[in-house]
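Here is the structure we will look at.
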Amino acid sequence: MQPQADPFIAPACTGSIQILYQDDSILLISKPSGLLSLSGKHPLNKDSVHFRLVQDFPDARLLHRLDLGTSGIMLVALNKRINGLLTKQFQEKSVSKTYTALLQGHVAPAFGQITAPIAKGEFPLQKICDETGKPACTEYELLGHEFVLDERGAKTPSTRVLFTPLTGRTHQLRIHSRELGHPILGCDLYANDAAYFLASRLMLHATSLNFSHPLTDERVSVQCPCPF
């Protein structure tokens with residue numbers, strides 16, 4: 001794990017939120033890497049997805065969060081009633097998501113599943129624990145073997161994967177990648193130093209989201225192209 005500042009102050013985020021879809025009930029947005037989902041307790045951590053959205057949508061409510069370094073799709077309810085209807089879908093596990101990631105090294109085989117149970121560790125970490133951990137399951141599919149340049153300009157093996165989390169534990173994809181033996185590039189919590197320094201950001205992006213519209217019950221599937 002990279003050294004963590006105490007107190008943690010998120011660097012200023014110059015990236016903007018993109019609205020992918022909007023109606024009277026919901027927003028689908030693309031979060032930039034480096035922006036908090038919710039404002040922190042420290043006054044210097046006020047800037048966040050929620051803080052920005054309520055300037056234009058006063059009753060906006062986040063249905064889920066993405067880590068500071070993760071970019072991509074987020075679903076937002078525009079009032080309390082819609083928030084309740086969509087929260088029920090998340091609780092019933094009828095919402096599905098995929099993420100694109102770049103991992104250290106060349107991964108094999110082409111498909112796989114990681115089922116290591118996850119428990120709270122020493123803050124801010126989670127840990128794998130068979131005794132106290134909650135069930136966690138991640139499916140992955142290889143999208144291709146690649147190479148990235150290290151600090152000396154040398155080609156270093158990496159793998160682009162598509163993750164489908166079947167559960168929603170904190171840091172699930174980050175810690176499951178480590179358990180696979182191929183941490184996510186740029187991960188400050190679970191990657192080794194070599195993997196951390198191979199990227200200027202966490203190479204994890206929320207790529208797709210599939211759910212039922214809370215008013216029409218029509219199935220909605222939204223894609224957000226990966227920026228890396």
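Ligands are numbered from 1 in the order shown, chains are lettered A, B, ... in the order of the structure tokens, and residues start at 1 in each chain.
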
Between range 172-200 of chain A and range 60-74 of chain A, at 12 Å or less, what are the per-residue closest atom pairs and their distances in Å? Count only C-alpha atoms, order by chain and rising residue number, and return it as JSON lines.
```
{"residue": "A:Gln172", "atom": "CA", "partner": "A:Asp67", "partner_atom": "CA", "distance": 10.8}
{"residue": "A:Leu173", "atom": "CA", "partner": "A:Asp67", "partner_atom": "CA", "distance": 10.8}
{"residue": "A:Arg174", "atom": "CA", "partner": "A:Asp67", "partner_atom": "CA", "distance": 10.1}
{"residue": "A:Ile184", "atom": "CA", "partner": "A:Thr70", "partner_atom": "CA", "distance": 11.1}
{"residue": "A:Leu185", "atom": "CA", "partner": "A:Gly69", "partner_atom": "CA", "distance": 11.2}
{"residue": "A:Gly186", "atom": "CA", "partner": "A:Gly69", "partner_atom": "CA", "distance": 8.8}
{"residue": "A:Cys187", "atom": "CA", "partner": "A:Gly69", "partner_atom": "CA", "distance": 8.3}
{"residue": "A:Asp188", "atom": "CA", "partner": "A:Gly69", "partner_atom": "CA", "distance": 9.4}
{"residue": "A:Leu189", "atom": "CA", "partner": "A:Gly69", "partner_atom": "CA", "distance": 11.1}
{"residue": "A:Ala199", "atom": "CA", "partner": "A:Gly69", "partner_atom": "CA", "distance": 11.4}
{"residue": "A:Ser200", "atom": "CA", "partner": "A:Gly69", "partner_atom": "CA", "distance": 10.0}
```

Practice item. Once DSSP has gone over the backbone, tell me which residues of range 6-199 of chain A are in strand (DSSP E), as a VMD selection string. Key: chain A and resid 18 to 22 26 to 31 61 to 62 71 to 77 96 to 104 111 to 114 118 to 120 126 to 128 138 to 149 155 to 165

Check your understanding: When distances are computed from only C-alpha atoms, which of A:Ala116, A:Leu85, A:Val148, A:Ala77 shows the smallest separation from Lys134 in chain A?
Key -> A:Ala116

Practice item. Find the spatial neighbours of Lys127 in chain A, counting only C-alpha atoms, within a cut-off of 8 Å - ignore same-chain residues fewer than 5 positions away - and output them as a ChimeraX atom specification. Key: /A:118-121,133,175

Review point. As a count of residues only, which residues of range 9-206 of chain A does DSSP assign to alpha helix (DSSP H)?
Key: 33

Review point. Can you list, as a PyMOL selection string, every protein, DNA or RNA residue that comes within 9 Å of Asp47 in chain A when you count only C-alpha atoms, leaving out same-chain residues fewer than 4 positions away?
Key: chain A and resi 10+12-13+35-40+51-52

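For the choices A:Leu53, A:Leu44, A:Leu149, A:Ile19, the atom-to-atom distance to Cys224 in chain A is smallest for A:Ile19 when using only C-alpha atoms.
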
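Taking only C-alpha atoms into account, Ala108 in chain A lies nearest to A:Thr159 out of the set A:Asn192, A:Thr132, A:Asn83, A:Thr159.
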
Check your understanding: Any idea what's packed within 8 Å of range 214-216 of chain A, counting only C-alpha atoms, ignoring anything in its chain fewer than 6 positions away? Could you give it as a PyMOL selection string?
Key -> chain A and resi 25+82+85-86
